[in-house]
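Structure file target.cif (mmCIF, C-alpha atoms) follows.
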data_final
loop_
_atom_site.label_atom_id
_atom_site.label_comp_id
_atom_site.auth_asym_id
_atom_site.auth_seq_id
_atom_site.Cartn_x
_atom_site.Cartn_y
_atom_site.Cartn_z
CA MET A 25 252.84 -84.44 45.28
CA GLY A 26 253.83 -86.55 48.30
CA ILE A 27 255.04 -85.34 51.67
CA LYS A 28 258.11 -83.13 51.61
CA PRO A 29 260.36 -82.54 54.65
CA THR A 30 259.50 -78.83 54.54
CA ASP A 31 255.73 -79.38 54.67
CA LYS A 32 253.59 -78.01 57.46
CA ILE A 33 250.94 -80.54 58.48
CA VAL A 34 247.83 -79.17 60.17
CA GLU A 35 245.46 -81.48 62.03
CA LEU A 36 241.87 -80.30 62.38
CA CYS A 37 240.11 -81.32 65.62
CA ALA A 38 243.40 -82.57 67.02
CA GLY A 39 242.12 -83.45 70.49
CA LYS A 40 245.06 -84.26 72.73
CA GLY A 41 247.49 -84.38 69.81
CA TYR A 42 248.05 -88.15 69.57
CA LEU A 43 248.00 -88.17 65.78
CA LEU A 44 250.50 -85.31 65.69
CA GLU A 45 252.87 -87.29 67.93
CA PHE A 46 252.39 -90.42 65.82
CA LEU A 47 253.19 -88.54 62.59
CA ARG A 48 256.12 -86.69 64.19
CA LYS A 49 257.80 -90.02 64.94
CA ARG A 50 257.39 -91.14 61.32
CA PHE A 51 258.12 -87.78 59.66
CA PRO A 52 260.45 -85.96 62.11
CA TYR A 53 261.44 -83.16 59.70
CA ASN A 54 257.96 -81.75 59.15
CA LYS A 55 256.32 -78.96 61.09
CA TYR A 56 253.08 -79.85 62.89
CA ILE A 57 250.22 -77.90 64.38
CA GLY A 58 246.84 -79.03 65.64
CA VAL A 59 243.60 -77.12 66.04
CA ASP A 60 240.96 -78.03 68.64
CA LEU A 61 238.57 -76.43 71.11
CA GLU A 62 240.17 -78.02 74.17
CA GLY A 63 243.30 -79.85 73.03
CA CYS A 64 245.59 -76.96 73.93
CA ARG A 65 245.27 -78.04 77.57
CA TYR A 66 247.14 -81.26 76.74
CA SER A 67 249.67 -80.36 74.05
CA SER A 68 251.65 -77.26 73.15
CA ASP A 69 251.31 -78.27 69.48
CA VAL A 70 247.53 -77.77 69.61
CA VAL A 71 246.00 -74.31 69.23
CA CYS A 72 242.61 -73.58 70.82
CA MET A 73 240.25 -72.55 68.04
CA ASP A 74 236.59 -72.98 67.14
CA LEU A 75 236.50 -74.16 63.52
CA ASN A 76 232.84 -73.18 63.27
CA ARG A 77 233.96 -69.54 63.58
CA TYR A 78 237.61 -69.32 62.45
CA ASP A 79 239.72 -70.68 59.62
CA PRO A 80 242.55 -73.07 60.55
CA PRO A 81 246.21 -72.00 60.26
CA LYS A 82 247.77 -72.20 56.81
CA GLY A 83 249.54 -75.45 56.01
CA ASP A 84 250.63 -77.71 53.18
CA ILE A 85 248.72 -80.84 54.15
CA TYR A 86 245.59 -80.92 56.30
CA VAL A 87 244.52 -84.07 58.13
CA PHE A 88 241.51 -84.87 60.26
CA GLN A 89 239.88 -87.85 61.86
CA HIS A 90 236.23 -87.74 62.85
CA CYS A 91 236.08 -83.98 62.78
CA ILE A 92 233.66 -82.71 60.15
CA GLU A 93 230.63 -84.49 61.56
CA HIS A 94 230.87 -82.15 64.58
CA LEU A 95 230.74 -78.98 62.45
CA ASP A 96 227.96 -77.19 60.62
CA GLN A 97 227.98 -78.77 57.15
CA ASP A 98 227.99 -75.45 55.27
CA ARG A 99 231.04 -74.53 57.32
CA VAL A 100 232.67 -77.88 56.43
CA ILE A 101 232.48 -76.95 52.73
CA GLU A 102 234.08 -73.56 53.51
CA ILE A 103 236.87 -75.17 55.55
CA LEU A 104 237.66 -77.79 52.91
CA ARG A 105 237.79 -75.11 50.20
CA TYR A 106 240.05 -72.99 52.43
CA CYS A 107 242.35 -75.96 53.04
CA LEU A 108 242.62 -76.70 49.32
CA ARG A 109 243.31 -73.03 48.54
CA HIS A 110 246.19 -72.86 51.01
CA GLY A 111 247.47 -76.44 50.97
CA ARG A 112 248.11 -79.27 48.55
CA ALA A 113 245.95 -81.98 50.09
CA VAL A 114 243.29 -82.78 52.66
CA ILE A 115 243.31 -86.30 54.10
CA GLY A 116 240.63 -87.42 56.52
CA ILE A 117 238.49 -90.11 58.06
CA VAL A 118 234.72 -89.67 58.33
CA PRO A 119 232.27 -92.05 60.04
CA GLY A 120 230.24 -94.32 57.80
CA HIS A 121 228.45 -96.13 60.62
CA HIS A 122 225.78 -94.97 63.03
CA ILE A 123 227.12 -93.42 66.24
CA SER A 124 224.96 -92.11 69.08
CA ASP A 125 226.85 -88.93 69.84
CA PRO A 126 224.94 -85.77 70.74
CA THR A 127 227.86 -83.59 69.56
CA HIS A 128 227.45 -84.78 65.96
CA VAL A 129 225.72 -82.47 63.52
CA VAL A 130 225.74 -85.35 61.02
CA ASN A 131 225.56 -88.81 62.57
CA HIS A 132 227.34 -90.65 59.74
CA TYR A 133 228.10 -90.30 56.04
CA HIS A 134 226.94 -92.56 53.24
CA TYR A 135 229.12 -92.79 50.15
CA VAL A 136 226.66 -90.59 48.24
CA ASP A 137 226.84 -87.92 50.98
CA ILE A 138 230.62 -87.81 50.68
CA ILE A 139 230.46 -87.52 46.89
CA SER A 140 227.95 -84.65 47.04
CA MET A 141 230.10 -82.86 49.65
CA ILE A 142 233.23 -83.29 47.50
CA LEU A 143 231.43 -81.99 44.41
CA MET A 144 230.63 -78.77 46.32
CA VAL A 145 234.31 -78.38 47.28
CA HIS A 146 235.55 -78.80 43.66
CA PRO A 147 238.95 -80.47 44.13
CA LYS A 148 240.90 -81.39 41.00
CA CYS A 149 241.31 -84.98 42.26
CA PHE A 150 239.77 -87.00 45.04
CA TYR A 151 239.96 -90.51 46.43
CA ILE A 152 237.43 -92.31 48.65
CA ARG A 153 237.59 -95.79 50.13
CA PRO A 154 236.69 -97.59 53.33
CA ASP A 155 239.49 -97.20 55.84
CA LEU A 156 241.68 -100.21 56.54
CA LEU A 157 239.88 -101.42 59.65
CA SER A 158 236.52 -101.29 57.87
CA TYR A 159 237.64 -104.39 56.02
CA VAL A 160 238.25 -106.15 59.34
CA ASN A 161 234.92 -105.06 60.84
CA PRO A 162 232.49 -103.90 58.08
CA LYS A 163 229.75 -102.88 60.53
CA ASP A 164 232.16 -100.28 61.97
CA ARG A 165 232.83 -98.65 58.58
CA ASP A 166 234.66 -95.36 58.26
CA TRP A 167 235.68 -93.62 55.03
CA LEU A 168 239.13 -92.41 54.05
CA ILE A 169 238.99 -89.35 51.80
CA ILE A 170 241.82 -87.53 50.06
CA LEU A 171 241.19 -84.23 48.27
CA SER A 172 243.79 -82.42 46.17
CA ASN A 173 244.16 -79.66 43.61
CA GLU A 174 246.95 -81.63 41.94
CA ASP A 175 246.86 -84.93 40.10
CA PHE A 176 248.03 -87.77 42.31
CA ASP A 177 248.19 -91.52 42.59
CA PRO A 178 246.80 -92.28 46.08
CA VAL A 179 248.73 -95.53 46.42
CA ASN A 180 252.14 -94.07 45.57
CA THR A 181 251.75 -90.44 46.68
CA PHE A 182 251.20 -90.99 50.39
CA PRO A 183 252.92 -93.79 52.29
CA ARG A 184 250.54 -96.55 53.29
CA PHE A 185 250.94 -95.99 57.01
CA PHE A 186 250.17 -92.28 56.55
CA ARG A 187 246.93 -93.06 54.72
CA TYR A 188 245.85 -95.60 57.28
CA ALA A 189 247.33 -93.99 60.39
CA LEU A 190 244.28 -91.81 60.83
CA GLY A 191 241.80 -94.67 61.23
CA ILE A 192 244.11 -97.13 62.96
CA LEU A 193 245.35 -94.66 65.55
CA ARG A 194 241.84 -93.43 66.36
CA ARG A 195 240.39 -96.89 66.81
CA THR A 196 243.37 -98.23 68.74
CA TYR A 197 243.16 -95.32 71.15
CA ARG A 198 239.39 -95.70 71.51
CA TYR A 199 239.67 -99.35 72.55
CA TYR A 200 242.74 -98.74 74.71
CA ALA A 201 241.02 -95.87 76.53
CA ARG A 202 238.20 -98.22 77.62
CA TRP A 203 240.67 -100.42 79.49
CA VAL A 204 242.59 -97.58 81.11
CA GLU A 205 239.59 -95.70 82.52
#
Mind turning this structure into structure tokens?
Amino acid sequence: MGIKPTDKIVELCAGKGYLLEFLRKRFPYNKYIGVDLEGCRYSSDVVCMDLNRYDPPKGDIYVFQHCIEHLDQDRVIEILRYCLRHGRAVIGIVPGHHISDPTHVVNHYHYVDIISMILMVHPKCFYIRPDLLSYVNPKDRDWLIILSNEDFDPVNTFPRFFRYALGILRRTYRYYARWVE
């Protein structure tokens, strides 16, 4: 499976497009597009779209970081099925720790919640583990999930920095933003 130079990578809930820029530097030959309600004000690579009402653009690999907890959970199942129908893989980070955020439909996901959600999506293969920084700070646990309709070896299919970029980039930006503001 892996990432091919011709792949189109779609980021759901892209925000200002920082992950897209990070991935573009590592994989310069791929095509990138982000989807967000407000991110289009900051980046030309981000399309304004409400995922609760519309399906994302077609792509080969879909990525997200802390996105699905903001959406209606029935809609999340529809979006993940759509992404697997049109792409090869969905890679994302979901919160596993309590967060007081009024925009969250689901505050955080337990392992069992993720499994039940994945069973409703019906991927051929899936992979779940705590993200890299959860090992450094277990009370701030997030989950890395990979869904695919093809058999894959998660360690060898996606480069390590691609698998962990989602969680590392998000947390680094979050702590950096506190100092800048």
Item to complete: List, as a PyMOL selection string, every residue that the PyMOL selection byres ((chain A and resi 153) around 6) selects in the file provided.
Response: chain A and resi 152+154+167-168
Discussion item. Please report the interatomic distance between CA of Val87 (chain A) and CA of Glu102 (chain A) in Å with one decimal.
Written reply: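 Here the two named atoms are 15.5 Å from each other.
Closest approach to Phe150 (chain A) from the set A:Asp177, A:Asp96, A:Asp84, A:Asp166 is made by A:Asp177, with distances taken over only C-alpha atoms.
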Worksheet entry | Nearest to Leu75 (chain A) by atom-to-atom distance, counting all atoms listed in the file, from A:Pro126, A:Gly41, A:Gly58, A:Pro147 |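 Looking only at the distances to Leu75 (chain A), the closest residue turns out to be A:Gly58.
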Item to complete: Find the residue from A:Tyr133, A:Ala113, A:Ile101, A:Asp164 that sits nearest to Val145 (chain A); use only C-alpha atoms when measuring.
Response: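 The closest residue to Val145 (chain A) is A:Ile101.
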Discussion item. Neighbouring residues of His110 (chain A) were defined as those with any atom within 12 Å, considering all atoms listed in the file; residues of the same chain fewer than 4 positions away were excluded. Please report them as a list of chain:residue names.
Written reply: A:Lys32, A:Ile33, A:Val34, A:Asp79, A:Pro80, A:Pro81, A:Lys82, A:Gly83, A:Asp84, A:Ile85, A:Tyr86, A:Ile103, A:Leu104, A:Arg105, A:Tyr106, A:Val114, A:Ser172, A:Asn173
Worksheet item: Taking into account only C-alpha atoms, which residue in the set A:Phe46, A:Lys40, A:Ile138, A:Phe88 is nearest to Tyr66 (chain A)?
Response: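 Checking each of A:Phe46, A:Lys40, A:Ile138, A:Phe88 against Tyr66 (chain A), counting only C-alpha atoms, the winner is A:Lys40.
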Discussion item. Just want the 8 Å neighbourhood of Asp60 (chain A), counted on all atoms listed in the file, with same-chain residues fewer than 4 positions away dropped. Output as a list in words.
Written reply: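 Close residues of Asp60 (chain A): Leu36, Cys37, Ala38, Gly39, Cys64, Val70, Val71, Cys72, Met73, Asp74 and Leu75 of chain A.
We find CA of Gly120 (chain A) and CA of Lys49 (chain A) to be spaced 28.8 Å apart.
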Practice prompt. Kindly give the distance, in Å, that separates CA of Val118 (chain A) and CA of Cys149 (chain A), rounded to a single decimal.
Written response: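 So the answer is 18.0 Å.
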Worksheet item: Which is closest to Arg109 (chain A) among A:Ile57, A:Ile142, A:Leu171, A:Cys91, if we use all atoms listed in the file?
Response: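 The closest residue to Arg109 (chain A) is A:Leu171.
For the residues A:Glu93, A:Asp31, A:Asp98, A:Asp155, ranking by smallest atom-to-atom distance to His128 (chain A) using only C-alpha atoms places A:Glu93 first.
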Explicit residues for the PyMOL selection byres ((chain A and resi 29) around 9) (as a PDB file with C-alpha atoms, keeping the file's coordinate frame):
ATOM      1  CA  ILE A  27     255.040 -85.340  51.670  1.00  0.00           C
ATOM      2  CA  LYS A  28     258.110 -83.130  51.610  1.00  0.00           C
ATOM      3  CA  THR A  30     259.500 -78.830  54.540  1.00  0.00           C
ATOM      4  CA  ASP A  31     255.730 -79.380  54.670  1.00  0.00           C
ATOM      5  CA  LYS A  32     253.590 -78.010  57.460  1.00  0.00           C
ATOM      6  CA  PHE A  51     258.120 -87.780  59.660  1.00  0.00           C
ATOM      7  CA  PRO A  52     260.450 -85.960  62.110  1.00  0.00           C
ATOM      8  CA  TYR A  53     261.440 -83.160  59.700  1.00  0.00           C
ATOM      9  CA  ASN A  54     257.960 -81.750  59.150  1.00  0.00           C
ATOM     10  CA  LYS A  55     256.320 -78.960  61.090  1.00  0.00           C
TER      11      LYS A  55
END
